[in-house]
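K.L.:
Next up is a structure, given as structure tokens.
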Amino acid sequence: MASMDIFAADGFSAMSMTAALNNQPFLPTLLGDMHLFEPKPITTEVAAIEQIDGTLGLIQTDKRGAPPAARGTDKRTVRNLNTVRIAKQDTVRASEIQSIRAFGSESELMQVQTLVARKQTAMLRDVALTHEHHRLGAIQGIVLDANGDTIVNLYTEFGVSQAAEIDFDLDNASPASGAVRKKCAAVVRAMLRASKGAWVTGQTRVAALCGDAFWDDLIAHPEIRETYLGQQEAAALRGAAAWETLDYGGITFTNYRGTDDNSTVAIGTDKCRFFPVGAVDVFEVALSPAESFDFVNTPGLPVYGWQVPDRDRNMYVDLEVYSYPLFYCTKPAMLQRAKRT
């Protein structure tokens, strides 16, 4: 019969459990699967983000023999942003393992590890959802906590204004010819002008996450349908149902599927959010080390896990999962937004 002593095995040490957690697949999420955010492991709780603002300017003509105008020095700015802590806890009680006996080829240790893995997987799903929530905030320029409080306002931190919301006017019964394409062009131009060297020709593209009503009116818009009908790409339009993707006007539109309540992690139903994909050093995630002597001064990992036994009564073991990230956008002026009407 398994006992609580089994948790003294090497497989339940902080190092072993952390290694196992980082090898487990996370809950599939759209932004996470895009690998948009470049990991930046750090050994402290503060991410130092350096920004160098290069400038372009016309050169005034002058007389031959006159000294050339001196070039100004690029402005260098360092911003310090704190990473945050995400933590979750579950408990394995003695009553849950008291009936576990070895049978077949499975040992008692393997069966307890299966129980622990099941509980850890449930906690990891919550961590993964929280990471996606923070990513979704970062591509909109404002990262929010679970209760709606602001973790970091990237527009304030970088001293730029949030782009005005573009009205795509998708419910117009008699739209002007090419109206949607012109709106798309305005988004692309604005993003390019704000990129300041981050846009790589042939590599960077514009992605858009749409709320449900925005998406439905977009794929039903006469301009979109007329463009696709009669073309080989018409099959893409016919297949553009809920939570699909459509390319138009230099933008890849995706109907974002959030949580089932369509509010905890979601794009507003009438909204659309635009962000660059394949741009240089635009989206990053700083990862701090865990608050344990085991990980002091080590580069941060995406997630940590360990077990905390009940040393007084030996009745339970707490399983804990931690993450110390900060998801951010270094060029929030590139982020664009739109509404359905």
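To be explicit about the labels: the chains of the structure tokens are called A, B, and onward in the order shown, and within each one the residues are counted from 1, while ligands get numbers from 1 in the order they are shown.
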Enumerate the residues of stretch 70-154 of chain A with a DSSP assignment of alpha helix (DSSP H), computed from the backbone, and present them as an NGL selection string.

P.N.:
:A and (94-97 or 108-138 or 154)

K.L.:
Could you tell me, as a count of residues only, which residues of stretch 54-282 of chain A DSSP assigns to strand (DSSP E or B) when given the backbone?

P.N.:
49

K.L.:
Mind giving me the straight-line distance from atom CA of A:Ala290 to atom CA of A:Tyr324 in Å, one decimal?

P.N.:
7.0 Å

K.L.:
May I ask which of the residues A:Leu326, A:Ala286, A:Leu335, A:Leu301 is the closest one to A:Val143, counting only C-alpha atoms?

P.N.:
A:Leu326

K.L.:
Smallest atom-to-atom distance to A:Gly249: which of A:Cys272, A:Ile219, A:Ile267, A:Ala185, using only C-alpha atoms?

P.N.:
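Comparing A:Cys272, A:Ile219, A:Ile267, A:Ala185 against A:Gly249, the winner is A:Ala185.
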
K.L.:
Kindly indicate which residue among A:Asn82, A:Thr44, A:Gln89, A:Asn262 lies nearest to A:Asp318, using only C-alpha atoms for the distances.

P.N.:
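Using only C-alpha atoms, A:Asp318 sits closest to A:Gln89.
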